[in-house]
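**Q** I'm passing along input.tsv; it holds TSV, C-alpha atoms and all ligand atoms.
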chain	number	residue	atom	x	y	z
A	1	MET	CA	0.00	0.00	0.00
A	2	THR	CA	1.77	3.14	-1.17
A	3	HIS	CA	-0.72	5.81	-0.08
A	4	ASP	CA	-3.29	6.29	2.66
A	5	VAL	CA	-5.84	7.59	0.17
A	6	LEU	CA	-6.43	7.13	-3.54
A	7	VAL	CA	-8.65	9.83	-5.07
A	8	ILE	CA	-10.10	8.83	-8.45
A	9	GLY	CA	-10.89	11.90	-10.56
A	10	ALA	CA	-9.38	15.40	-10.34
A	11	GLY	CA	-12.45	17.57	-10.95
A	12	PRO	CA	-13.41	20.03	-8.18
A	13	ALA	CA	-14.62	17.19	-5.92
A	14	GLY	CA	-11.47	15.08	-6.24
A	15	ALA	CA	-8.97	17.95	-6.08
A	16	VAL	CA	-10.61	19.50	-3.00
A	17	ALA	CA	-11.02	16.14	-1.21
A	18	ALA	CA	-7.37	15.28	-1.95
A	19	ARG	CA	-6.15	18.65	-0.64
A	20	GLU	CA	-8.24	18.47	2.52
A	21	LEU	CA	-7.01	14.93	3.27
A	22	ALA	CA	-3.37	15.93	2.69
A	23	ARG	CA	-3.88	18.88	5.05
A	24	ARG	CA	-5.03	16.34	7.64
A	25	GLY	CA	-1.73	14.51	7.34
A	26	CYS	CA	-2.74	11.70	4.95
A	27	SER	CA	-0.55	10.64	2.05
A	28	VAL	CA	-2.76	11.08	-1.01
A	29	LEU	CA	-2.53	9.95	-4.64
A	30	LEU	CA	-4.86	11.87	-6.97
A	31	VAL	CA	-5.33	10.43	-10.47
A	32	ASP	CA	-7.29	11.50	-13.52
A	33	LYS	CA	-7.72	9.59	-16.73
A	34	ALA	CA	-7.57	12.86	-18.73
A	35	LYS	CA	-4.44	14.86	-19.43
A	36	PHE	CA	-4.60	18.22	-17.63
A	37	PRO	CA	-5.57	20.94	-18.21
A	38	ARG	CA	-8.76	19.47	-19.67
A	39	ALA	CA	-12.08	20.91	-20.78
A	40	LYS	CA	-15.34	19.56	-19.35
A	41	VAL	CA	-18.95	19.96	-20.48
A	42	CYS	CA	-20.08	22.60	-17.97
A	43	GLY	CA	-21.75	26.01	-17.81
A	44	CYS	CA	-18.57	27.22	-16.03
A	45	CYS	CA	-20.56	29.38	-13.59
A	46	LEU	CA	-19.71	29.09	-9.92
A	47	ASN	CA	-22.67	30.39	-7.93
A	48	GLY	CA	-22.46	32.22	-4.60
A	49	ALA	CA	-22.54	28.93	-2.67
A	50	ALA	CA	-19.54	27.59	-4.65
A	51	VAL	CA	-17.64	30.84	-4.12
A	52	ALA	CA	-18.43	30.70	-0.39
A	53	ALA	CA	-17.33	27.05	-0.19
A	54	LEU	CA	-13.98	27.94	-1.79
A	55	ALA	CA	-13.62	30.93	0.54
A	56	ARG	CA	-14.15	28.70	3.60
A	57	LEU	CA	-11.27	26.56	2.34
A	58	GLY	CA	-9.00	29.60	1.80
A	59	LEU	CA	-9.17	29.11	-1.98
A	60	THR	CA	-10.79	32.35	-3.18
A	61	HIS	CA	-7.62	33.18	-5.16
A	62	VAL	CA	-8.25	30.34	-7.65
A	63	LEU	CA	-11.10	32.51	-8.98
A	64	ALA	CA	-8.90	35.58	-9.50
A	65	ASP	CA	-9.11	35.46	-13.32
A	66	GLY	CA	-12.86	34.68	-13.36
A	67	VAL	CA	-15.51	37.02	-14.77
A	68	PRO	CA	-17.82	38.30	-11.99
A	69	LEU	CA	-21.46	37.53	-12.79
A	70	ARG	CA	-24.22	40.14	-12.58
A	71	ASP	CA	-27.34	38.56	-13.97
A	72	VAL	CA	-28.98	35.82	-15.97
A	73	ARG	CA	-31.17	36.38	-19.02
A	74	ILE	CA	-33.68	33.56	-19.43
A	75	ALA	CA	-35.67	33.10	-22.64
A	76	ALA	CA	-38.68	30.91	-23.38
A	77	GLY	CA	-39.38	31.41	-27.06
A	78	ARG	CA	-39.13	35.14	-27.87
A	79	ARG	CA	-40.06	36.15	-24.33
A	80	SER	CA	-37.19	36.78	-21.94
A	81	ALA	CA	-36.54	37.98	-18.40
A	82	ARG	CA	-33.40	39.39	-16.81
A	83	VAL	CA	-32.79	38.30	-13.25
A	84	PRO	CA	-30.02	39.75	-11.03
A	85	LEU	CA	-27.59	37.01	-9.99
A	86	PRO	CA	-24.78	38.57	-7.99
A	87	GLY	CA	-22.04	36.70	-6.16
A	88	GLY	CA	-21.05	34.22	-8.87
A	89	VAL	CA	-18.05	33.91	-11.18
A	90	ALA	CA	-17.55	32.46	-14.70
A	91	LEU	CA	-14.27	30.60	-15.14
A	92	SER	CA	-13.36	27.93	-17.69
A	93	ARG	CA	-12.99	24.41	-16.36
A	94	GLU	CA	-9.51	24.19	-17.89
A	95	ALA	CA	-8.46	27.06	-15.59
A	96	LEU	CA	-10.49	26.18	-12.48
A	97	ASP	CA	-9.71	22.47	-12.31
A	98	ALA	CA	-6.00	22.95	-13.03
A	99	ALA	CA	-5.81	25.62	-10.30
A	100	LEU	CA	-7.50	23.33	-7.75
A	101	VAL	CA	-5.10	20.50	-8.64
A	102	ARG	CA	-2.16	22.89	-8.13
A	103	GLU	CA	-3.55	23.70	-4.66
A	104	ALA	CA	-3.79	19.98	-3.88
A	105	VAL	CA	-0.20	19.42	-5.01
A	106	ALA	CA	0.95	22.40	-2.92
A	107	ALA	CA	-0.65	20.68	0.09
A	108	GLY	CA	1.43	17.56	-0.55
A	109	VAL	CA	-0.81	15.50	-2.86
A	110	GLU	CA	0.85	13.38	-5.55
A	111	PHE	CA	-0.98	13.95	-8.85
A	112	ARG	CA	-0.85	11.71	-11.92
A	113	ASP	CA	-2.86	12.61	-15.00
A	114	GLY	CA	-3.53	10.36	-17.97
A	115	VAL	CA	-4.08	7.51	-15.49
A	116	SER	CA	-7.35	5.62	-15.30
A	117	ALA	CA	-7.78	4.08	-11.86
A	118	ARG	CA	-9.93	1.17	-10.91
A	119	PHE	CA	-12.14	1.27	-7.89
A	120	GLU	CA	-10.38	-1.67	-6.20
A	121	SER	CA	-6.96	-0.01	-6.45
A	122	ALA	CA	-4.86	-0.50	-3.36
A	123	ALA	CA	-4.96	2.25	-0.72
A	124	ARG	CA	-6.34	2.34	2.80
A	125	VAL	CA	-9.25	4.46	1.62
A	126	THR	CA	-10.56	5.35	-1.85
A	127	ILE	CA	-12.44	8.53	-2.70
A	128	VAL	CA	-14.54	8.03	-5.82
A	129	ALA	CA	-14.71	11.46	-7.49
A	130	SER	CA	-14.95	10.24	-11.05
A	131	GLY	CA	-17.92	12.39	-12.04
A	132	LEU	CA	-20.91	11.37	-14.14
A	133	THR	CA	-18.95	9.32	-16.63
A	134	GLY	CA	-16.93	7.36	-14.12
A	135	THR	CA	-19.70	5.59	-12.22
A	136	ASP	CA	-22.38	3.00	-12.84
A	137	ALA	CA	-25.08	5.10	-11.06
A	138	PRO	CA	-28.33	4.31	-12.89
A	139	ALA	CA	-29.87	7.19	-14.89
A	140	GLU	CA	-33.44	8.29	-14.20
A	141	PRO	CA	-35.79	7.33	-17.03
A	142	GLY	CA	-36.15	10.15	-19.59
A	143	SER	CA	-33.12	11.96	-18.19
A	144	ARG	CA	-31.66	14.60	-20.50
A	145	VAL	CA	-28.12	14.36	-21.87
A	146	GLY	CA	-25.53	17.14	-21.76
A	147	ALA	CA	-23.40	18.68	-24.50
A	148	GLY	CA	-20.93	21.52	-24.64
A	149	THR	CA	-18.36	23.45	-26.61
A	150	SER	CA	-16.73	26.86	-26.56
A	151	ALA	CA	-16.74	29.50	-29.30
A	152	PRO	CA	-13.60	31.58	-29.98
A	153	ALA	CA	-13.90	35.20	-28.79
A	154	SER	CA	-13.58	36.51	-32.38
A	155	THR	CA	-16.82	34.74	-33.42
A	156	VAL	CA	-18.98	35.92	-30.50
A	157	PRO	CA	-21.48	38.77	-31.10
A	158	ASP	CA	-21.19	41.69	-28.61
A	159	PHE	CA	-24.75	40.87	-27.53
A	160	PHE	CA	-23.30	38.09	-25.35
A	161	ALA	CA	-21.75	40.51	-22.87
A	162	PRO	CA	-19.38	39.33	-20.12
A	163	GLY	CA	-21.07	39.01	-16.70
A	164	THR	CA	-24.44	37.81	-18.02
A	165	ILE	CA	-25.54	34.18	-18.27
A	166	PHE	CA	-27.76	33.65	-21.33
A	167	MET	CA	-30.14	30.73	-20.93
A	168	ALA	CA	-32.48	29.77	-23.78
A	169	THR	CA	-35.15	27.17	-23.05
A	170	ALA	CA	-37.27	25.24	-25.54
A	171	ARG	CA	-39.33	22.06	-25.65
A	172	GLY	CA	-36.34	19.85	-26.50
A	173	GLY	CA	-33.89	21.27	-23.97
A	174	TYR	CA	-31.96	24.35	-22.93
A	175	VAL	CA	-28.68	26.05	-23.82
A	176	GLY	CA	-26.58	28.25	-21.52
A	177	LEU	CA	-23.93	30.67	-22.75
A	178	VAL	CA	-21.42	32.71	-20.79
A	179	ARG	CA	-18.17	34.52	-21.48
A	180	VAL	CA	-15.20	33.08	-19.59
A	181	GLU	CA	-11.90	34.68	-18.57
A	182	ASP	CA	-10.31	34.74	-22.06
A	183	GLY	CA	-13.37	36.06	-23.91
A	184	ARG	CA	-14.45	32.66	-25.25
A	185	LEU	CA	-18.16	31.87	-25.08
A	186	ASP	CA	-18.76	28.70	-23.09
A	187	VAL	CA	-21.80	26.83	-24.40
A	188	ALA	CA	-23.41	24.11	-22.29
A	189	ALA	CA	-26.70	22.40	-22.98
A	190	ALA	CA	-29.10	19.71	-21.81
A	191	PHE	CA	-31.27	18.04	-24.45
A	192	ASP	CA	-33.89	15.33	-24.66
A	193	ALA	CA	-32.25	12.37	-26.38
A	194	THR	CA	-34.95	12.24	-29.07
A	195	PHE	CA	-34.63	15.99	-29.82
A	196	LEU	CA	-30.87	15.55	-30.19
A	197	LYS	CA	-31.42	12.72	-32.65
A	198	THR	CA	-34.05	14.51	-34.76
A	199	GLN	CA	-31.91	17.67	-34.93
A	200	GLY	CA	-28.88	15.67	-36.07
A	201	GLY	CA	-26.52	16.30	-33.13
A	202	PRO	CA	-25.73	18.88	-30.42
A	203	GLY	CA	-24.62	21.70	-32.77
A	204	PRO	CA	-27.85	21.86	-34.80
A	205	ALA	CA	-29.89	21.22	-31.63
A	206	ALA	CA	-28.27	24.23	-29.91
A	207	GLU	CA	-28.84	26.41	-32.98
A	208	ALA	CA	-32.52	25.39	-33.01
A	209	VAL	CA	-32.99	26.30	-29.31
A	210	LEU	CA	-31.11	29.61	-29.65
A	211	GLY	CA	-33.01	30.38	-32.88
A	212	GLU	CA	-36.29	30.20	-30.94
A	213	ALA	CA	-34.99	32.88	-28.55
A	214	GLY	CA	-34.12	35.08	-31.53
A	215	TRP	CA	-30.65	35.89	-30.16
A	216	PRO	CA	-27.80	36.79	-32.59
A	217	ARG	CA	-26.20	33.76	-34.24
A	218	VAL	CA	-22.77	32.60	-33.12
A	219	ALA	CA	-21.02	31.96	-36.45
A	220	GLY	CA	-19.99	28.36	-36.94
A	221	LEU	CA	-21.58	27.14	-33.67
A	222	ALA	CA	-22.91	23.91	-35.17
A	223	GLU	CA	-19.51	23.02	-36.66
A	224	LEU	CA	-17.48	23.50	-33.47
A	225	PRO	CA	-16.14	20.36	-31.75
A	226	TRP	CA	-18.91	19.37	-29.30
A	227	LYS	CA	-18.52	17.01	-26.37
A	228	GLY	CA	-21.40	15.00	-24.97
A	229	THR	CA	-22.25	13.50	-21.59
A	230	PRO	CA	-24.24	10.44	-20.59
A	231	ALA	CA	-27.75	10.86	-19.09
A	232	LEU	CA	-27.54	13.65	-16.53
A	233	THR	CA	-29.92	12.80	-13.70
A	234	ARG	CA	-28.81	9.76	-11.75
A	235	ARG	CA	-28.71	8.45	-8.22
A	236	ALA	CA	-25.68	6.55	-6.99
A	237	LYS	CA	-26.43	2.96	-5.95
A	238	ALA	CA	-24.45	3.66	-2.77
A	239	LEU	CA	-22.62	6.69	-1.37
A	240	ALA	CA	-20.02	4.63	0.46
A	241	GLY	CA	-18.93	1.11	1.27
A	242	GLU	CA	-16.03	-0.63	2.93
A	243	ARG	CA	-13.10	1.81	2.77
A	244	TRP	CA	-14.58	3.99	0.02
A	245	PHE	CA	-16.66	7.15	-0.23
A	246	ALA	CA	-18.26	8.80	-3.27
A	247	VAL	CA	-18.27	12.60	-3.69
A	248	GLY	CA	-19.34	15.16	-6.29
A	249	ASP	CA	-21.25	13.95	-9.36
A	250	ALA	CA	-20.16	10.37	-8.62
A	251	ALA	CA	-22.49	10.53	-5.59
A	252	GLY	CA	-25.48	11.44	-7.78
A	253	TYR	CA	-26.41	14.39	-9.96
A	254	VAL	CA	-29.45	16.36	-11.06
A	255	GLU	CA	-29.82	18.24	-14.36
A	256	PRO	CA	-27.65	21.35	-14.40
A	257	PHE	CA	-30.17	24.18	-15.01
A	258	THR	CA	-29.64	25.81	-11.61
A	259	GLY	CA	-25.84	25.68	-12.02
A	260	GLU	CA	-25.04	24.18	-8.62
A	261	GLY	CA	-22.97	21.09	-9.47
A	262	MET	CA	-19.63	22.61	-8.60
A	263	ALA	CA	-20.96	23.96	-5.28
A	264	TRP	CA	-22.18	20.44	-4.45
A	265	ALA	CA	-18.86	18.93	-5.54
A	266	ILE	CA	-16.75	21.31	-3.44
A	267	ALA	CA	-19.02	21.13	-0.38
A	268	SER	CA	-19.25	17.34	-0.45
A	269	ALA	CA	-15.47	17.04	-0.87
A	270	ALA	CA	-14.86	19.29	2.13
A	271	ALA	CA	-17.41	17.35	4.17
A	272	VAL	CA	-15.96	13.91	3.37
A	273	ALA	CA	-12.39	14.77	4.39
A	274	PRO	CA	-12.73	14.47	8.20
A	275	ILE	CA	-14.68	11.22	7.84
A	276	ALA	CA	-12.23	9.70	5.34
A	277	ALA	CA	-9.28	10.79	7.51
A	278	ARG	CA	-10.80	8.82	10.40
A	279	ALA	CA	-11.27	5.86	8.05
A	280	VAL	CA	-7.52	5.99	7.32
A	281	GLN	CA	-6.79	5.79	11.06
A	282	ARG	CA	-9.21	2.93	11.65
A	283	TRP	CA	-11.93	1.54	9.42
A	284	ASP	CA	-15.34	1.33	11.11
A	285	ALA	CA	-18.50	0.33	9.23
A	286	SER	CA	-20.45	3.12	11.00
A	287	LEU	CA	-18.53	5.63	8.85
A	288	VAL	CA	-20.68	4.61	5.88
A	289	ARG	CA	-23.84	5.78	7.63
A	290	GLU	CA	-22.02	8.88	8.87
A	291	TRP	CA	-21.14	9.85	5.29
A	292	VAL	CA	-24.69	9.21	4.04
A	293	LEU	CA	-26.02	11.62	6.70
A	294	ALA	CA	-23.27	14.21	6.19
A	295	HIS	CA	-23.81	14.11	2.41
A	296	ARG	CA	-27.53	14.61	2.87
A	297	ARG	CA	-26.82	17.60	5.15
A	298	ALA	CA	-24.30	19.09	2.72
A	299	VAL	CA	-26.18	18.74	-0.58
A	300	GLY	CA	-29.21	16.43	-0.32
A	301	ASN	CA	-31.85	19.11	0.26
A	302	ARG	CA	-30.51	21.31	-2.51
A	303	GLN	CA	-30.57	18.43	-4.98
A	304	ARG	CA	-34.22	17.83	-4.15
A	305	ALA	CA	-35.04	21.50	-4.92
A	306	CYS	CA	-33.08	21.26	-8.18
A	307	ARG	CA	-35.13	18.19	-9.18
A	308	VAL	CA	-38.31	20.27	-8.82
A	309	VAL	CA	-36.87	23.01	-11.10
A	310	SER	CA	-35.85	20.46	-13.72
A	311	ARG	CA	-39.40	19.03	-13.73
A	312	VAL	CA	-40.93	22.50	-14.22
A	313	LEU	CA	-38.57	22.98	-17.18
A	314	ARG	CA	-40.00	19.90	-18.85
A	315	SER	CA	-43.26	21.80	-19.30
A	316	PRO	CA	-43.00	24.54	-21.95
A	317	THR	CA	-46.22	26.09	-20.56
A	318	LEU	CA	-44.89	26.32	-17.00
A	319	THR	CA	-41.51	27.61	-18.23
A	320	ALA	CA	-43.16	30.30	-20.37
A	321	PHE	CA	-45.38	31.25	-17.42
A	322	ALA	CA	-42.34	31.51	-15.09
A	323	VAL	CA	-40.40	33.66	-17.59
A	324	ARG	CA	-43.39	35.94	-18.12
A	325	ALA	CA	-43.87	36.31	-14.35
A	326	LEU	CA	-40.15	37.10	-13.88
A	327	ALA	CA	-40.23	39.67	-16.70
A	328	LEU	CA	-43.15	41.44	-15.01
A	329	PHE	CA	-42.01	41.00	-11.40
A	330	PRO	CA	-38.20	40.52	-11.25
A	331	ALA	CA	-38.37	40.60	-7.43
A	332	LEU	CA	-39.99	37.13	-7.58
A	333	SER	CA	-36.53	35.70	-8.28
A	334	ARG	CA	-35.04	37.04	-5.02
A	335	PRO	CA	-35.82	34.06	-2.75
A	336	VAL	CA	-34.62	31.55	-5.37
A	337	VAL	CA	-31.38	33.46	-6.00
A	338	ALA	CA	-30.81	33.87	-2.25
A	339	SER	CA	-31.33	30.14	-1.77
A	340	LEU	CA	-28.92	29.26	-4.63
A	341	ASN	CA	-26.24	31.52	-3.16
A	342	ARG	CA	-26.70	30.36	0.45
A	343	PRO	CA	-23.54	28.59	1.69
A	344	LEU	CA	-23.80	24.81	1.85
A	345	HIS	CA	-23.14	22.88	5.04
A	346	SER	CA	-19.68	21.42	4.46
A	347	GLY	CA	-18.45	21.76	8.02
A	348	ALA	CA	-14.99	22.76	6.71
A	349	ARG	CA	-12.89	25.86	7.32
A	350	ALA	CA	-9.47	26.93	6.04
B	401	LIG	C1	-24.39	20.83	-19.46
B	401	LIG	C2	-23.86	21.04	-18.07
B	401	LIG	C3	-23.79	22.33	-17.53
B	401	LIG	C4	-23.33	22.53	-16.24
B	401	LIG	N1	-23.22	23.80	-15.76
B	401	LIG	C5	-22.79	24.02	-14.50
B	401	LIG	C6	-22.61	25.34	-14.00
B	401	LIG	O1	-22.77	26.34	-14.71
B	401	LIG	N2	-22.25	25.48	-12.70
B	401	LIG	C7	-22.00	24.41	-11.90
B	401	LIG	O2	-21.67	24.60	-10.72
B	401	LIG	N3	-22.10	23.16	-12.35
B	401	LIG	C8	-22.48	22.93	-13.64
B	401	LIG	N4	-22.55	21.66	-14.13
B	401	LIG	C9	-22.20	20.54	-13.24
B	401	LIG	C10	-20.70	20.40	-13.04
B	401	LIG	O3	-20.05	20.33	-14.28
B	401	LIG	C11	-20.42	19.13	-12.23
B	401	LIG	O4	-21.36	19.02	-11.19
B	401	LIG	C12	-19.02	19.13	-11.64
B	401	LIG	O5	-18.04	19.11	-12.65
B	401	LIG	C13	-18.82	17.92	-10.72
B	401	LIG	O6	-17.50	17.84	-10.31
B	401	LIG	P1	-16.83	16.43	-10.00
B	401	LIG	O7	-15.46	16.74	-9.50
B	401	LIG	O8	-17.74	15.60	-9.19
B	401	LIG	O9	-16.75	15.68	-11.42
B	401	LIG	P2	-15.99	16.09	-12.76
B	401	LIG	O10	-15.75	17.52	-12.81
B	401	LIG	O11	-16.77	15.44	-13.85
B	401	LIG	O12	-14.58	15.36	-12.64
B	401	LIG	C14	-14.47	13.97	-12.69
B	401	LIG	C15	-13.10	13.61	-13.19
B	401	LIG	O13	-12.91	12.18	-13.04
B	401	LIG	C16	-12.13	11.72	-14.12
B	401	LIG	N5	-12.35	10.27	-14.21
B	401	LIG	C17	-13.47	9.60	-14.55
B	401	LIG	N6	-13.28	8.26	-14.47
B	401	LIG	C18	-12.00	8.09	-14.08
B	401	LIG	C19	-11.18	6.93	-13.81
B	401	LIG	N7	-11.67	5.69	-13.92
B	401	LIG	N8	-9.91	7.11	-13.42
B	401	LIG	C20	-9.40	8.37	-13.31
B	401	LIG	N9	-10.11	9.48	-13.55
B	401	LIG	C21	-11.39	9.36	-13.91
B	401	LIG	C22	-12.63	12.52	-15.31
B	401	LIG	O14	-11.66	12.58	-16.33
B	401	LIG	C23	-12.87	13.91	-14.67
B	401	LIG	O15	-11.76	14.77	-14.81
B	401	LIG	C24	-22.95	21.42	-15.44
B	401	LIG	C25	-23.00	20.13	-15.98
B	401	LIG	C26	-23.41	19.93	-17.27
B	401	LIG	C27	-23.43	18.55	-17.84
Is it possible to give me this structure as structure tokens?
Ligand SMILES: Cc1cc2nc3c(=O)[nH]c(=O)nc-3n(C[C@H](O)[C@H](O)[C@H](O)COP(=O)(O)OP(=O)(O)OC[C@H]3O[C@@H](n4cnc5c(N)ncnc54)[C@H](O)[C@@H]3O)c2cc1C
**A**
Amino acid sequence: MTHDVLVIGAGPAGAVAARELARRGCSVLLVDKAKFPRAKVCGCCLNGAAVAALARLGLTHVLADGVPLRDVRIAAGRRSARVPLPGGVALSREALDAALVREAVAAGVEFRDGVSARFESAARVTIVASGLTGTDAPAEPGSRVGAGTSAPASTVPDFFAPGTIFMATARGGYVGLVRVEDGRLDVAAAFDATFLKTQGGPGPAAEAVLGEAGWPRVAGLAELPWKGTPALTRRAKALAGERWFAVGDAAGYVEPFTGEGMAWAIASAAAVAPIAARAVQRWDASLVREWVLAHRRAVGNRQRACRVVSRVLRSPTLTAFAVRALALFPALSRPVVASLNRPLHSGARA
């Protein structure tokens, strides 16, 4: 056994869990099957809760290059509403994830990229942080699939101003666009599988959804290299077992409309560290239950609320009604925005 802890996956969940365990004196090996820095299908928006979770860990500086967010513009067909959304930051996943890995390495973690680890790999404790693609968590029936790309700054119309999230919704799915630190336009979408098929792929599907909103065209969007994801909404079969704990998307995920996945990943990683550190000292089966309860406290309630939002979005009538109500009464968004930005219960401090 060469390390106390093996962390599989170096997204925000894995990098933060690895760092927190190293800071508790554990020897940690962090591996990722991708070569870093790597892109990831993601809206690249850290909400106020994610920013607060990083601040609690003394990691605010990793966001230094990010674009501060002001508001979100939501469209249902030609109707749109602008909702203030302060407290968040847009930062590409290449930049964010590489910065978090650097922080883990600075805390003493050994990092190997381009290495695919197997769950049974030898270490006292394994943290499974392998995201959506790295688990066998069953997908919910009818779950949407994700897709993403990024458009070079030179091709992006001025309409898509930095600091605003543009979210176009339609019957077959939704597309989110935001400028990241280098002026590129990050594009992230969730589509019904049948819509994706009938449109002929993610590029044409995104153009169809954005066309309904009537926003300026991003030249060449359909021809950009798009990446896809498996079905998005899934529940992990188990959150932990003998000498292993799952965190981040690997512990279950809900469609990304509310843009909370990274907050959940960071908060769950911070919350698992003290429990996993005790497991390194001495394995006790009661730690499984302890992690299930701590995970529920950290992110469980928020995931339930996100499920409700994703169901509303399935109904074009309800979505159009919500957008119309927000356009007329923007103050209606205040409680939802406050709840999205409220710090999560990770129990961790820098
Ligand atoms: C369309 C879309 C839009 C989104 N928009 C937002 C948003 O705006 N804001 C937000 O907060 N969240 C958003 N999310 C969610 C967010 O991307 C995830 O919740 C977040 O990345 C989860 O972090 P993680 O560390 O758990 O997993 P990931 O970031 O997926 O990292 C997992 C890592 O594990 C590695 N891996 C997998 N299997 C193995 C293996 N066997 N061995 C080694 N390495 C492995 C992968 O290469 C990957 O690097 C969005 C998601 C989607 C799909």
**Q** Between CA of Trp291 in chain A and CA of Leu30 in chain A, what distance in Å does the model show, to one decimal?
**A** 20.5 Å
**Q** Using only C-alpha atoms and all ligand atoms, which residues of the polymer chains come no farther than 6 Å from ligand LIG 401 (chain B)? I'd like the answer as number ranges by chain.
**A** A: 8-14, 31-34, 41-46, 115-118, 129-134, 146-147, 188-190, 248-250, 256, 259-263, 265
**Q** Each residue of range 168-222 of chain A lying at most 12 Å from range 83-106 of chain A should get a row with its shortest atom-to-atom pair and the distance in Å to one decimal, counting all atoms listed in the file; could you produce that, ordered by chain and increasing number, as a tab-separated table?
**A**
residue	atom	partner	partner_atom	distance
A:Leu177	CA	A:Ala90	CA	10.4
A:Val178	CA	A:Ala90	CA	7.2
A:Arg179	CA	A:Ala90	CA	7.1
A:Val180	CA	A:Leu91	CA	5.2
A:Glu181	CA	A:Leu91	CA	5.8
A:Asp182	CA	A:Ser92	CA	8.6
A:Gly183	CA	A:Ser92	CA	10.2
A:Arg184	CA	A:Ser92	CA	9.0
A:Leu185	CA	A:Ser92	CA	9.7
A:Asp186	CA	A:Ser92	CA	7.7
A:Val187	CA	A:Ser92	CA	10.8
A:Ala188	CA	A:Ser92	CA	11.7
**Q** State, in Å with one decimal place, the distance from CA of Pro230 in chain A to CA of Ala50 in chain A.
**A**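 A separation of 23.9 Å between them.
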**Q** Please, which residues are within 12 Å of (-24.5, 2.1, 8.5) by the file's coordinates, counting all atoms listed in the file, and could they come as an mmCIF file with C-alpha atoms, in the coordinates of the input?
**A**
data_model
loop_
_atom_site.group_PDB
_atom_site.id
_atom_site.type_symbol
_atom_site.label_atom_id
_atom_site.label_comp_id
_atom_site.auth_asym_id
_atom_site.auth_seq_id
_atom_site.Cartn_x
_atom_site.Cartn_y
_atom_site.Cartn_z
ATOM 1 C CA ALA A 238 -24.450 3.660 -2.770
ATOM 2 C CA LEU A 239 -22.620 6.690 -1.370
ATOM 3 C CA ALA A 240 -20.020 4.630 0.460
ATOM 4 C CA GLY A 241 -18.930 1.110 1.270
ATOM 5 C CA GLU A 242 -16.030 -0.630 2.930
ATOM 6 C CA ASP A 284 -15.340 1.330 11.110
ATOM 7 C CA ALA A 285 -18.500 0.330 9.230
ATOM 8 C CA SER A 286 -20.450 3.120 11.000
ATOM 9 C CA LEU A 287 -18.530 5.630 8.850
ATOM 10 C CA VAL A 288 -20.680 4.610 5.880
ATOM 11 C CA ARG A 289 -23.840 5.780 7.630
ATOM 12 C CA GLU A 290 -22.020 8.880 8.870
ATOM 13 C CA TRP A 291 -21.140 9.850 5.290
ATOM 14 C CA VAL A 292 -24.690 9.210 4.040
ATOM 15 C CA LEU A 293 -26.020 11.620 6.700
#
**Q** What does the distance from CA of Pro274 in chain A to CA of Ala236 in chain A come to in Å, to one decimal?
**A**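 That distance, rounded to one decimal, is 21.5 Å.
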**Q** Take the structure in the block and write a file for range 86-103 of chain A, C-alpha atoms, as a JSON list (two decimals), in the first residue's frame.
**A**
[["chain", "number", "residue", "atom", "x", "y", "z"],
["A", 86, "PRO", "CA", -24.78, 38.57, -7.99],
["A", 87, "GLY", "CA", -22.04, 36.70, -6.16],
["A", 88, "GLY", "CA", -21.05, 34.22, -8.87],
["A", 89, "VAL", "CA", -18.05, 33.91, -11.18],
["A", 90, "ALA", "CA", -17.55, 32.46, -14.70],
["A", 91, "LEU", "CA", -14.27, 30.60, -15.14],
["A", 92, "SER", "CA", -13.36, 27.93, -17.69],
["A", 93, "ARG", "CA", -12.99, 24.41, -16.36],
["A", 94, "GLU", "CA", -9.51, 24.19, -17.89],
["A", 95, "ALA", "CA", -8.46, 27.06, -15.59],
["A", 96, "LEU", "CA", -10.49, 26.18, -12.48],
["A", 97, "ASP", "CA", -9.71, 22.47, -12.31],
["A", 98, "ALA", "CA", -6.00, 22.95, -13.03],
["A", 99, "ALA", "CA", -5.81, 25.62, -10.30],
["A", 100, "LEU", "CA", -7.50, 23.33, -7.75],
["A", 101, "VAL", "CA", -5.10, 20.50, -8.64],
["A", 102, "ARG", "CA", -2.16, 22.89, -8.13],
["A", 103, "GLU", "CA", -3.55, 23.70, -4.66]]
